[in-house]
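Colleague: Below is final_11.cif; it holds mmCIF, C-alpha atoms; chains and numbers go by the auth columns.
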data_start
loop_
_atom_site.group_PDB
_atom_site.id
_atom_site.type_symbol
_atom_site.label_atom_id
_atom_site.label_comp_id
_atom_site.label_asym_id
_atom_site.label_seq_id
_atom_site.Cartn_x
_atom_site.Cartn_y
_atom_site.Cartn_z
_atom_site.B_iso_or_equiv
_atom_site.auth_seq_id
_atom_site.auth_asym_id
ATOM 1 C CA MET A 1 96.742 -60.252 -96.818 0.00 1233 Q
ATOM 2 C CA ASN A 2 93.242 -61.538 -96.081 0.00 1234 Q
ATOM 3 C CA GLN A 3 93.007 -61.171 -92.305 0.00 1235 Q
ATOM 4 C CA GLN A 4 89.839 -63.310 -92.014 0.00 1236 Q
ATOM 5 C CA ASN A 5 91.475 -66.352 -93.603 0.00 1237 Q
ATOM 6 C CA ILE A 6 94.546 -65.881 -91.422 0.00 1238 Q
ATOM 7 C CA ALA A 7 92.321 -65.657 -88.344 0.00 1239 Q
ATOM 8 C CA ASP A 8 90.581 -68.900 -89.342 0.00 1240 Q
ATOM 9 C CA HIS A 9 93.876 -70.743 -89.794 0.00 1241 Q
ATOM 10 C CA ASP A 10 95.243 -69.232 -86.602 0.00 1242 Q
ATOM 11 C CA GLN A 11 92.218 -70.304 -84.571 0.00 1243 Q
ATOM 12 C CA GLN A 12 92.241 -73.817 -86.039 0.00 1244 Q
ATOM 13 C CA LEU A 13 95.934 -74.452 -85.305 0.00 1245 Q
ATOM 14 C CA LYS A 14 95.743 -72.924 -81.828 0.00 1246 Q
ATOM 15 C CA LYS A 15 92.697 -75.053 -80.987 0.00 1247 Q
ATOM 16 C CA HIS A 16 94.621 -78.129 -82.113 0.00 1248 Q
ATOM 17 C CA LEU A 17 97.725 -77.296 -80.052 0.00 1249 Q
ATOM 18 C CA ILE A 18 96.526 -75.604 -76.843 0.00 1250 Q
ATOM 19 C CA ARG A 19 96.102 -77.957 -73.886 0.00 1251 Q
ATOM 20 C CA GLY A 20 97.818 -80.685 -75.882 0.00 1252 Q
ATOM 21 C CA LYS A 21 100.274 -82.719 -73.845 0.00 1253 Q
ATOM 22 C CA ILE A 22 103.580 -83.449 -75.615 0.00 1254 Q
ATOM 23 C CA LEU A 23 104.235 -87.189 -75.910 0.00 1255 Q
ATOM 24 C CA ASN A 24 107.211 -87.079 -78.273 0.00 1256 Q
ATOM 25 C CA ILE A 25 109.281 -84.632 -80.324 0.00 1257 Q
ATOM 26 C CA GLU A 26 111.070 -85.858 -83.449 0.00 1258 Q
ATOM 27 C CA VAL A 27 113.432 -83.746 -85.544 0.00 1259 Q
ATOM 28 C CA PHE A 28 114.472 -84.689 -89.078 0.00 1260 Q
ATOM 29 C CA ASN A 29 117.226 -83.310 -91.266 0.00 1261 Q
ATOM 30 C CA ILE A 30 117.876 -83.707 -94.968 0.00 1262 Q
ATOM 31 C CA ASN A 31 121.620 -83.520 -94.363 0.00 1263 Q
ATOM 32 C CA THR A 32 123.713 -85.182 -91.692 0.00 1264 Q
ATOM 33 C CA ASP A 33 125.039 -81.750 -90.624 0.00 1265 Q
ATOM 34 C CA TYR A 34 123.115 -78.907 -89.016 0.00 1266 Q
ATOM 35 C CA TYR A 35 123.851 -75.727 -87.095 0.00 1267 Q
ATOM 36 C CA VAL A 36 124.112 -75.823 -83.306 0.00 1268 Q
ATOM 37 C CA PHE A 37 124.404 -72.405 -81.694 0.00 1269 Q
ATOM 38 C CA ASN A 38 123.732 -73.579 -78.152 0.00 1270 Q
ATOM 39 C CA ASN A 39 123.807 -77.315 -77.363 0.00 1271 Q
ATOM 40 C CA ASP A 40 120.874 -77.071 -74.988 0.00 1272 Q
ATOM 41 C CA ALA A 41 118.721 -74.541 -76.752 0.00 1273 Q
ATOM 42 C CA PHE A 42 119.328 -73.327 -80.336 0.00 1274 Q
ATOM 43 C CA TRP A 43 119.492 -75.312 -83.604 0.00 1275 Q
ATOM 44 C CA LEU A 44 118.929 -74.844 -87.360 0.00 1276 Q
ATOM 45 C CA PHE A 45 117.941 -77.727 -89.654 0.00 1277 Q
ATOM 46 C CA ASP A 46 117.187 -78.488 -93.300 0.00 1278 Q
ATOM 47 C CA GLY A 47 114.279 -80.697 -92.420 0.00 1279 Q
ATOM 48 C CA GLY A 48 111.334 -80.730 -90.090 0.00 1280 Q
ATOM 49 C CA ILE A 49 109.860 -81.359 -86.683 0.00 1281 Q
ATOM 50 C CA HIS A 50 106.996 -83.565 -85.583 0.00 1282 Q
ATOM 51 C CA ILE A 51 105.402 -82.974 -82.197 0.00 1283 Q
ATOM 52 C CA GLN A 52 103.230 -85.876 -81.088 0.00 1284 Q
ATOM 53 C CA LEU A 53 100.358 -84.811 -78.863 0.00 1285 Q
ATOM 54 C CA GLU A 54 97.821 -86.888 -76.939 0.00 1286 Q
ATOM 55 C CA HIS A 55 95.164 -86.115 -79.543 0.00 1287 Q
ATOM 56 C CA GLY A 56 97.199 -86.005 -82.746 0.00 1288 Q
ATOM 57 C CA GLY A 57 100.283 -84.237 -83.903 0.00 1289 Q
ATOM 58 C CA PHE A 58 101.820 -81.171 -85.468 0.00 1290 Q
ATOM 59 C CA GLY A 59 104.332 -81.576 -88.253 0.00 1291 Q
ATOM 60 C CA TRP A 60 106.224 -78.749 -89.899 0.00 1292 Q
ATOM 61 C CA GLY A 61 109.038 -79.101 -92.359 0.00 1293 Q
ATOM 62 C CA TRP A 62 110.494 -78.949 -95.812 0.00 1294 Q
ATOM 63 C CA ASN A 63 107.988 -80.309 -98.334 0.00 1295 Q
ATOM 64 C CA TYR A 64 110.183 -82.055 -100.857 0.00 1296 Q
ATOM 65 C CA ASP A 65 107.553 -82.017 -103.643 0.00 1297 Q
ATOM 66 C CA GLU A 66 106.455 -78.391 -103.172 0.00 1298 Q
ATOM 67 C CA THR A 67 109.978 -77.089 -102.377 0.00 1299 Q
ATOM 68 C CA LEU A 68 108.807 -75.014 -99.431 0.00 1300 Q
ATOM 69 C CA PHE A 69 107.983 -75.403 -95.751 0.00 1301 Q
ATOM 70 C CA ALA A 70 104.575 -76.889 -95.039 0.00 1302 Q
ATOM 71 C CA TYR A 71 102.686 -77.970 -91.938 0.00 1303 Q
ATOM 72 C CA SER A 72 100.160 -80.626 -91.078 0.00 1304 Q
ATOM 73 C CA MET A 73 97.924 -81.433 -88.156 0.00 1305 Q
ATOM 74 C CA GLN A 74 97.062 -84.875 -89.563 0.00 1306 Q
ATOM 75 C CA LYS A 75 100.015 -86.342 -91.454 0.00 1307 Q
ATOM 76 C CA HIS A 76 103.367 -87.244 -89.953 0.00 1308 Q
ATOM 77 C CA ILE A 77 106.087 -84.934 -91.227 0.00 1309 Q
ATOM 78 C CA LYS A 78 107.930 -87.927 -92.732 0.00 1310 Q
ATOM 79 C CA GLU A 79 105.226 -88.113 -95.421 0.00 1311 Q
ATOM 80 C CA PHE A 80 106.447 -84.961 -97.144 0.00 1312 Q
ATOM 81 C CA LEU A 81 110.135 -84.745 -96.262 0.00 1313 Q
ATOM 82 C CA SER A 82 112.875 -85.717 -98.680 0.00 1314 Q
ATOM 83 C CA PRO A 83 113.257 -89.493 -99.011 0.00 1315 Q
ATOM 84 C CA ASN A 84 116.826 -88.976 -97.751 0.00 1316 Q
ATOM 85 C CA TYR A 85 115.910 -87.476 -94.379 0.00 1317 Q
ATOM 86 C CA VAL A 86 117.817 -88.453 -91.260 0.00 1318 Q
ATOM 87 C CA GLN A 87 116.124 -88.528 -87.860 0.00 1319 Q
ATOM 88 C CA VAL A 88 118.173 -86.542 -85.378 0.00 1320 Q
ATOM 89 C CA LYS A 89 118.688 -88.400 -82.103 0.00 1321 Q
ATOM 90 C CA ASN A 90 116.584 -87.021 -79.260 0.00 1322 Q
ATOM 91 C CA ASP A 91 119.614 -86.802 -76.955 0.00 1323 Q
ATOM 92 C CA THR A 92 120.794 -83.968 -79.249 0.00 1324 Q
ATOM 93 C CA PHE A 93 118.187 -81.783 -77.530 0.00 1325 Q
ATOM 94 C CA PRO A 94 118.678 -82.140 -73.773 0.00 1326 Q
ATOM 95 C CA GLY A 95 116.812 -78.909 -73.036 0.00 1327 Q
ATOM 96 C CA ILE A 96 113.755 -79.889 -75.021 0.00 1328 Q
ATOM 97 C CA SER A 97 113.335 -83.203 -73.188 0.00 1329 Q
ATOM 98 C CA VAL A 98 111.810 -81.304 -70.236 0.00 1330 Q
ATOM 99 C CA LEU A 99 108.817 -80.534 -72.498 0.00 1331 Q
ATOM 100 C CA LEU A 100 107.742 -84.171 -72.685 0.00 1332 Q
ATOM 101 C CA GLU A 101 104.494 -84.688 -70.770 0.00 1333 Q
ATOM 102 C CA SER A 102 104.029 -80.888 -70.581 0.00 1334 Q
ATOM 103 C CA ALA A 103 100.837 -79.246 -71.804 0.00 1335 Q
ATOM 104 C CA ILE A 104 100.844 -76.339 -74.243 0.00 1336 Q
ATOM 105 C CA GLN A 105 99.235 -73.327 -72.562 0.00 1337 Q
ATOM 106 C CA ASP A 106 99.402 -70.730 -75.331 0.00 1338 Q
ATOM 107 C CA VAL A 107 100.538 -70.397 -78.936 0.00 1339 Q
ATOM 108 C CA GLU A 108 101.736 -67.398 -80.963 0.00 1340 Q
ATOM 109 C CA ILE A 109 101.759 -67.787 -84.751 0.00 1341 Q
ATOM 110 C CA LYS A 110 102.963 -65.566 -87.598 0.00 1342 Q
ATOM 111 C CA TRP A 111 101.357 -66.474 -90.945 0.00 1343 Q
ATOM 112 C CA GLU A 112 102.088 -65.973 -94.631 0.00 1344 Q
ATOM 113 C CA TYR A 113 100.567 -67.329 -97.827 0.00 1345 Q
ATOM 114 C CA TYR A 114 101.452 -68.062 -101.401 0.00 1346 Q
ATOM 115 C CA GLN A 115 99.356 -68.268 -104.518 0.00 1347 Q
ATOM 116 C CA ASP A 116 100.053 -69.675 -107.959 0.00 1348 Q
ATOM 117 C CA ILE A 117 100.482 -67.229 -110.824 0.00 1349 Q
ATOM 118 C CA ASN A 118 99.650 -67.447 -114.527 0.00 1350 Q
ATOM 119 C CA GLU A 119 101.788 -66.472 -117.513 0.00 1351 Q
ATOM 120 C CA GLU A 120 100.880 -62.807 -116.992 0.00 1352 Q
ATOM 121 C CA PHE A 121 102.075 -63.071 -113.374 0.00 1353 Q
ATOM 122 C CA GLU A 122 98.527 -62.658 -112.043 0.00 1354 Q
ATOM 123 C CA ALA A 123 97.550 -64.515 -108.891 0.00 1355 Q
ATOM 124 C CA ILE A 124 95.294 -67.508 -109.578 0.00 1356 Q
ATOM 125 C CA GLY A 125 93.726 -70.186 -107.418 0.00 1357 Q
ATOM 126 C CA GLU A 126 93.328 -70.242 -103.697 0.00 1358 Q
ATOM 127 C CA LYS A 127 95.771 -68.833 -101.196 0.00 1359 Q
ATOM 128 C CA ILE A 128 97.790 -71.460 -99.369 0.00 1360 Q
ATOM 129 C CA TYR A 129 98.514 -70.351 -95.794 0.00 1361 Q
ATOM 130 C CA PHE A 130 101.484 -71.523 -93.751 0.00 1362 Q
ATOM 131 C CA PRO A 131 103.154 -70.479 -90.504 0.00 1363 Q
ATOM 132 C CA LEU A 132 106.425 -68.568 -90.552 0.00 1364 Q
ATOM 133 C CA GLU A 133 106.808 -68.855 -86.790 0.00 1365 Q
ATOM 134 C CA VAL A 134 105.143 -70.830 -84.020 0.00 1366 Q
ATOM 135 C CA ILE A 135 105.966 -70.119 -80.387 0.00 1367 Q
ATOM 136 C CA LEU A 136 104.645 -72.714 -77.950 0.00 1368 Q
ATOM 137 C CA HIS A 137 104.263 -71.675 -74.313 0.00 1369 Q
ATOM 138 C CA PHE A 138 104.140 -74.514 -71.783 0.00 1370 Q
ATOM 139 C CA GLU A 139 102.883 -74.910 -68.251 0.00 1371 Q
ATOM 140 C CA ASN A 140 105.454 -73.815 -65.667 0.00 1372 Q
ATOM 141 C CA GLY A 141 107.086 -71.330 -68.033 0.00 1373 Q
ATOM 142 C CA PRO A 142 109.176 -73.016 -70.767 0.00 1374 Q
ATOM 143 C CA HIS A 143 108.603 -72.069 -74.392 0.00 1375 Q
ATOM 144 C CA LEU A 144 109.733 -73.303 -77.794 0.00 1376 Q
ATOM 145 C CA GLN A 145 110.256 -71.006 -80.782 0.00 1377 Q
ATOM 146 C CA LEU A 146 109.968 -72.647 -84.202 0.00 1378 Q
ATOM 147 C CA ALA A 147 110.479 -70.546 -87.340 0.00 1379 Q
ATOM 148 C CA VAL A 148 111.566 -70.785 -90.956 0.00 1380 Q
ATOM 149 C CA ILE A 149 114.394 -68.343 -91.505 0.00 1381 Q
ATOM 150 C CA ALA A 150 117.231 -67.203 -93.709 0.00 1382 Q
ATOM 151 C CA PHE A 151 120.273 -65.712 -92.007 0.00 1383 Q
ATOM 152 C CA GLU A 152 123.818 -64.517 -92.491 0.00 1384 Q
ATOM 153 C CA MET A 153 127.088 -65.655 -90.914 0.00 1385 Q
ATOM 154 C CA PRO A 154 129.465 -62.771 -91.595 0.00 1386 Q
ATOM 155 C CA ASN A 155 133.230 -63.119 -91.893 0.00 1387 Q
ATOM 156 C CA ASP A 156 133.187 -66.905 -91.597 0.00 1388 Q
ATOM 157 C CA SER A 157 132.168 -66.570 -87.970 0.00 1389 Q
ATOM 158 C CA PHE A 158 129.827 -68.944 -86.244 0.00 1390 Q
ATOM 159 C CA GLU A 159 127.536 -66.098 -85.221 0.00 1391 Q
ATOM 160 C CA MET A 160 124.127 -65.901 -86.848 0.00 1392 Q
ATOM 161 C CA SER A 161 122.980 -62.415 -87.828 0.00 1393 Q
ATOM 162 C CA ASN A 162 120.110 -60.757 -89.664 0.00 1394 Q
ATOM 163 C CA PRO A 163 117.533 -63.557 -89.366 0.00 1395 Q
ATOM 164 C CA THR A 164 114.537 -63.047 -91.651 0.00 1396 Q
ATOM 165 C CA TYR A 165 111.461 -65.177 -92.243 0.00 1397 Q
ATOM 166 C CA SER A 166 111.890 -67.299 -95.367 0.00 1398 Q
ATOM 167 C CA ILE A 167 109.549 -69.936 -96.793 0.00 1399 Q
ATOM 168 C CA ASP A 168 112.547 -71.751 -98.246 0.00 1400 Q
ATOM 169 C CA GLY A 169 114.984 -71.182 -95.373 0.00 1401 Q
ATOM 170 C CA GLU A 170 116.084 -73.287 -92.428 0.00 1402 Q
ATOM 171 C CA LEU A 171 114.008 -74.658 -89.566 0.00 1403 Q
ATOM 172 C CA HIS A 172 114.950 -72.658 -86.484 0.00 1404 Q
ATOM 173 C CA ILE A 173 114.336 -74.371 -83.106 0.00 1405 Q
ATOM 174 C CA ASN A 174 114.981 -72.334 -79.991 0.00 1406 Q
ATOM 175 C CA PHE A 175 114.223 -73.508 -76.464 0.00 1407 Q
ATOM 176 C CA ASN A 176 113.438 -70.932 -73.771 0.00 1408 Q
ATOM 177 C CA ASP A 177 114.586 -67.968 -75.796 0.00 1409 Q
ATOM 178 C CA VAL A 178 112.931 -66.017 -78.605 0.00 1410 Q
ATOM 179 C CA ILE A 179 115.154 -64.327 -81.122 0.00 1411 Q
ATOM 180 C CA PRO A 180 113.742 -61.357 -83.044 0.00 1412 Q
ATOM 181 C CA ILE A 181 113.172 -62.202 -86.695 0.00 1413 Q
ATOM 182 C CA LYS A 182 112.585 -59.594 -89.407 0.00 1414 Q
ATOM 183 C CA ASN A 183 109.746 -59.903 -91.878 0.00 1415 Q
ATOM 184 C CA VAL A 184 111.119 -58.491 -95.112 0.00 1416 Q
ATOM 185 C CA ASN A 185 107.753 -59.003 -96.858 0.00 1417 Q
ATOM 186 C CA ALA A 186 105.690 -57.071 -94.301 0.00 1418 Q
ATOM 187 C CA ASP A 187 102.969 -54.889 -95.780 0.00 1419 Q
#
Can I see the file as structure tokens?

Modeller:
Amino acid sequence: MNQQNIADHDQQLKKHLIRGKILNIEVFNINTDYYVFNNDAFWLFDGGIHIQLEHGGFGWGWNYDETLFAYSMQKHIKEFLSPNYVQVKNDTFPGISVLLESAIQDVEIKWEYYQDINEEFEAIGEKIYFPLEVILHFENGPHLQLAVIAFEMPNDSFEMSNPTYSIDGELHINFNDVIPIKNVNAD
């Protein structure tokens, strides 16, 4: 993976997010159902999240046209979600509400890229970079883990296991906890 391009994307997104004060958080889901593992802190969605900052926003979600997760620092996430998205009520996330009016102090990002291929399966065109995970650290200690993951739920239990990063997985939102996620495509 080209480390210089990743560093450029990393620096650009961090510059956009750090010191930004959260004005609003909106979560969208393609389906009416979603996974709740902890009512105050841990959810999985087929959709996206838009974080409105004083100086812009950060949207990350399922790009309906590209059939993968994409992010934007300019457009609202609604512009590339499925036309059938449902906005999840903010009272669904009582823990996250404490982040409103808080400033982002630090950001950790894990990146990946994709590239189109030709008929001979050779990479062509430019690399398109996207985050697999974004962890926002706020003033006074709270943090928010956002990631795109695939996971297992063995034996019809309601316990998530074996989370791995996945460009076409679920949007993982975790407040004040960071779960370890495997990168099955690591070099």

Colleague: What separation in Å, quoted to one decimal, exists between CA of Lys1246 in chain Q and CA of Asp1338 in chain Q?

Modeller: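 We find that CA of Lys1246 in chain Q and CA of Asp1338 in chain Q lie 7.8 Å from each other.
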
Colleague: Distance CA of Tyr1266 in chain Q-CA of Gly1327 in chain Q, one decimal place?

Modeller: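 Computing it gives 17.2 Å between the two atoms.
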
Colleague: Quick check on the file I pasted: which residues fall under the PyMOL selection byres ((chain Q and resi 1396-1402) around 8)? Write them as a list in words.

Modeller: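 That selection, the PyMOL selection byres ((chain Q and resi 1396-1402) around 8), comes back as Leu1276, Phe1277, Asp1278, Gly1279, Trp1294, Thr1299, Leu1300, Phe1301, Leu1364, Ala1379, Val1380, Ile1381, Ala1382, Phe1383, Asn1394, Pro1395, Leu1403, His1404, Ile1413, Lys1414, Asn1415 and Val1416 of chain Q.
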
Colleague: Go ahead and write the selection's residues with C-alpha atoms as a compact mmCIF listing (two decimals), keeping the file's coordinate frame.

Modeller:
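Contents of out-v1.txt, as written:
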# COMPACT_ATOMS: atom_id res chain seq x y z
CA LEU Q 1276 118.93 -74.84 -87.36
CA PHE Q 1277 117.94 -77.73 -89.65
CA ASP Q 1278 117.19 -78.49 -93.30
CA GLY Q 1279 114.28 -80.70 -92.42
CA TRP Q 1294 110.49 -78.95 -95.81
CA THR Q 1299 109.98 -77.09 -102.38
CA LEU Q 1300 108.81 -75.01 -99.43
CA PHE Q 1301 107.98 -75.40 -95.75
CA LEU Q 1364 106.42 -68.57 -90.55
CA ALA Q 1379 110.48 -70.55 -87.34
CA VAL Q 1380 111.57 -70.78 -90.96
CA ILE Q 1381 114.39 -68.34 -91.50
CA ALA Q 1382 117.23 -67.20 -93.71
CA PHE Q 1383 120.27 -65.71 -92.01
CA ASN Q 1394 120.11 -60.76 -89.66
CA PRO Q 1395 117.53 -63.56 -89.37
CA LEU Q 1403 114.01 -74.66 -89.57
CA HIS Q 1404 114.95 -72.66 -86.48
CA ILE Q 1413 113.17 -62.20 -86.70
CA LYS Q 1414 112.58 -59.59 -89.41
CA ASN Q 1415 109.75 -59.90 -91.88
CA VAL Q 1416 111.12 -58.49 -95.11

Colleague: Compile the contact shell of Ala1239 in chain Q as a list in words: residues with an atom at most 12 Å away, counting all atoms listed in the file, same-chain residues fewer than 6 positions apart removed.

Modeller: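 The contact residues come out as Met1233, Leu1245, Lys1246, Lys1247, Ile1341, Lys1342, Trp1343, Glu1344 and Tyr1361 of chain Q.
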
Colleague: What gap, in Å, lies between CA of Glu1352 in chain Q and CA of Asn1237 in chain Q?

Modeller: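 Separation between CA of Glu1352 in chain Q and CA of Asn1237 in chain Q: 25.5 Å.
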
Colleague: Step by step, work through what the PyMOL selection byres ((chain Q and resi 1312) around 9) selects in the shown file, and finish by giving those residues as a PyMOL selection string.

Modeller: chain Q and resi 1293-1298+1302+1307-1311+1313-1315
